[in-house]
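K.L.:
Have a look at this one.
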Amino acid sequence: MKNIDNVKFQDEKNTFKDVKEDSKDINIKNRFSYNIFLIGFMGVGKTTVSSFLSSLMNMKEIDIDNHIEAVENMTVSEIFNKFGEKYFRDCETRTLIELKEKQSMIVSCGGGIVLKEENINLMRTQGKIILLTASPETIFERVRYSTDRPILNNNMNIEFISSLMEKRREKYLSAADLIVDTNDKSVEKVCEDIIKELNKHNNSF
Ligand code: S3P
């Protein structure tokens with residue numbers, strides 16, 4: 001199963017209480033009626049941001065990778081090894097279809113969710129898509145010791161991350177309703193930026 005590999009984010013979770021108090025200017029009491037999908041490259045912090053955001057906004061969360069691991073009773077790496085990437089991608093689509101039944105969920109997506117147009121359409125019809133971004137250098141620092149991302153196994157270097165990110169860039173950008181940068185930001189700040197952006201755009205969505 002996936003661990004939160006960013007120690008900085010982990011520490012900052014402890015200051016959650018302070019943030020909640022400091023966030024008076026943010027309309028955190030109003031839960032959003034639609035699903036909120038967090039997308040972005042591996043290591044942008046989707047899982048960490050999702051769990052913090054769900055506490056902050058009192059919304060339930062689902063991590064698609066974790067959900068697939070539970071359903072398949074295998075880790076993502078084992079699924080890739082045993083059944084291949086296509087099978088895993090189909091599991092992602094199946095999970096998004098299941099989510100049609102749910103509302104007001106924070107959904108943390110795997111980094112490759114945008115690879116299928118069908119997935120982007122499924123997310124669009126259910127809610128809003130927030131793209132988290134970070135530089136290849138930041139990503140590398142966050143994921144360099146991770147062994148549970150099959151795409152990066154044997155490719156753990158800035159050049160590979162940078163070129164894969166470039167290949168996916170258009171897909172991420174075309175899917176996103178909102179873009180929030182995570183470079184040099186605490187998890188609280190990222191969540192604050194997300195909520196502010198959502199509140200700002202809520203009427204125009
Ligand atoms: C993948 C990202 C991973 C996981 C799988 C494939 C990708 O999720 O879904 O290893 O293709 O970018 P995270 O983005 O949460 O690491």
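Here, A, B, ... name the chains of the structure tokens in the order displayed, residue numbers run from 1 inside each chain, and ligands are numbered from 1 in the same displayed order.
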List all protein, DNA and RNA residues that have any atom at most 7 Å from ligand 1, counting only C-alpha atoms and all ligand atoms, and write the list as a list of chain:residue names.
P.N.:
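My answer, listing the contacting residues, is A:Gly40, A:Phe41, A:Met42, A:Gly43, A:Lys46, A:Thr47, A:Asp65, A:Val76, A:Ser77, A:Cys109, A:Gly110, A:Gly111, A:Gly112, A:Asp148, A:Arg149, A:Pro150, A:Ile151.
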K.L.:
Check the smallest atom-to-atom distance from each of A:Ile139, A:Leu53, A:Ala176, A:Met59 to Glu192 of chain A using only C-alpha atoms, then report the winner.
P.N.:
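Looking only at the distances to Glu192 of chain A, the closest residue turns out to be A:Leu53.
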K.L.:
Give the strand (DSSP E or B) residues of segment 62-175 of chain A, as assigned by DSSP on the backbone, as number ranges by chain.
P.N.:
A: 62-63, 105-108, 127-133
K.L.:
Please, could you write that set of residues out with N, CA and C atoms as a PDB file, in the first residue's frame?
P.N.:
```
ATOM      1  N   ILE A  62     -11.889   9.601  -1.326  1.00  0.00           N
ATOM      2  CA  ILE A  62     -11.518   8.284  -1.836  1.00  0.00           C
ATOM      3  C   ILE A  62     -10.216   8.434  -2.616  1.00  0.00           C
ATOM      4  N   ASP A  63      -9.292   7.517  -2.356  1.00  0.00           N
ATOM      5  CA  ASP A  63      -8.034   7.480  -3.100  1.00  0.00           C
ATOM      6  C   ASP A  63      -8.176   6.337  -4.108  1.00  0.00           C
ATOM      7  N   MET A 105     -17.588  14.178  -2.745  1.00  0.00           N
ATOM      8  CA  MET A 105     -16.402  13.397  -2.390  1.00  0.00           C
ATOM      9  C   MET A 105     -15.150  14.137  -2.875  1.00  0.00           C
ATOM     10  N   ILE A 106     -14.073  14.003  -2.108  1.00  0.00           N
ATOM     11  CA  ILE A 106     -12.767  14.427  -2.607  1.00  0.00           C
ATOM     12  C   ILE A 106     -12.131  13.169  -3.182  1.00  0.00           C
ATOM     13  N   VAL A 107     -11.749  13.225  -4.444  1.00  0.00           N
ATOM     14  CA  VAL A 107     -11.221  12.027  -5.106  1.00  0.00           C
ATOM     15  C   VAL A 107      -9.764  12.256  -5.488  1.00  0.00           C
ATOM     16  N   SER A 108      -8.888  11.465  -4.882  1.00  0.00           N
ATOM     17  CA  SER A 108      -7.477  11.553  -5.217  1.00  0.00           C
ATOM     18  C   SER A 108      -7.179  10.539  -6.319  1.00  0.00           C
ATOM     19  N   GLY A 127     -18.101  16.421 -11.493  1.00  0.00           N
ATOM     20  CA  GLY A 127     -17.646  17.474 -10.593  1.00  0.00           C
ATOM     21  C   GLY A 127     -16.575  18.353 -11.188  1.00  0.00           C
ATOM     22  N   LYS A 128     -15.692  18.820 -10.337  1.00  0.00           N
ATOM     23  CA  LYS A 128     -14.637  19.731 -10.776  1.00  0.00           C
ATOM     24  C   LYS A 128     -13.276  19.060 -10.662  1.00  0.00           C
ATOM     25  N   ILE A 129     -12.416  19.422 -11.602  1.00  0.00           N
ATOM     26  CA  ILE A 129     -11.095  18.771 -11.678  1.00  0.00           C
ATOM     27  C   ILE A 129     -10.022  19.794 -11.311  1.00  0.00           C
ATOM     28  N   ILE A 130      -9.272  19.477 -10.274  1.00  0.00           N
ATOM     29  CA  ILE A 130      -8.216  20.388  -9.832  1.00  0.00           C
ATOM     30  C   ILE A 130      -6.859  19.768 -10.133  1.00  0.00           C
ATOM     31  N   LEU A 131      -6.083  20.484 -10.903  1.00  0.00           N
ATOM     32  CA  LEU A 131      -4.739  20.004 -11.256  1.00  0.00           C
ATOM     33  C   LEU A 131      -3.731  20.569 -10.264  1.00  0.00           C
ATOM     34  N   LEU A 132      -3.011  19.672  -9.584  1.00  0.00           N
ATOM     35  CA  LEU A 132      -1.914  20.105  -8.721  1.00  0.00           C
ATOM     36  C   LEU A 132      -0.629  19.993  -9.532  1.00  0.00           C
ATOM     37  N   THR A 133       0.226  20.993  -9.402  1.00  0.00           N
ATOM     38  CA  THR A 133       1.465  20.975 -10.187  1.00  0.00           C
ATOM     39  C   THR A 133       2.686  21.137  -9.282  1.00  0.00           C
TER      40      THR A 133
END
```
K.L.:
What's the separation between atom CA of Leu122 of chain A and atom CA of Thr93 of chain A, in Å to one decimal place?
P.N.:
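Atom CA of Leu122 of chain A sits 8.3 Å away from atom CA of Thr93 of chain A.
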K.L.:
So, with only C-alpha atoms as the atoms that count, which of A:Arg144, A:Val190, A:Ile39, A:Met156 lies closest to Asp177 of chain A?
P.N.:
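The closest residue to Asp177 of chain A is A:Ile39.
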K.L.:
Atom CA of Val49 of chain A to atom CA of Lys86 of chain A: how many Å, to one decimal?
P.N.:
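If I compute the distance from atom CA of Val49 of chain A to atom CA of Lys86 of chain A, I get 27.1 Å.
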K.L.:
Using only C-alpha atoms, find each residue of segment 80-176 of chain A with at least one atom at most 10 Å away from an atom of segment 68-74 of chain A; report its shortest atom-to-atom pair and that distance in Å (one decimal), sort the rows by chain and rising residue number, and return the result as CSV.
P.N.:
```
residue,atom,partner,partner_atom,distance
A:Phe80,CA,A:Met74,CA,9.8
A:Lys82,CA,A:Met74,CA,9.6
A:Phe88,CA,A:Ile68,CA,8.3
A:Cys91,CA,A:Ile68,CA,6.6
A:Glu92,CA,A:Ile68,CA,7.4
A:Arg94,CA,A:Ile68,CA,9.3
A:Thr95,CA,A:Ile68,CA,7.5
```
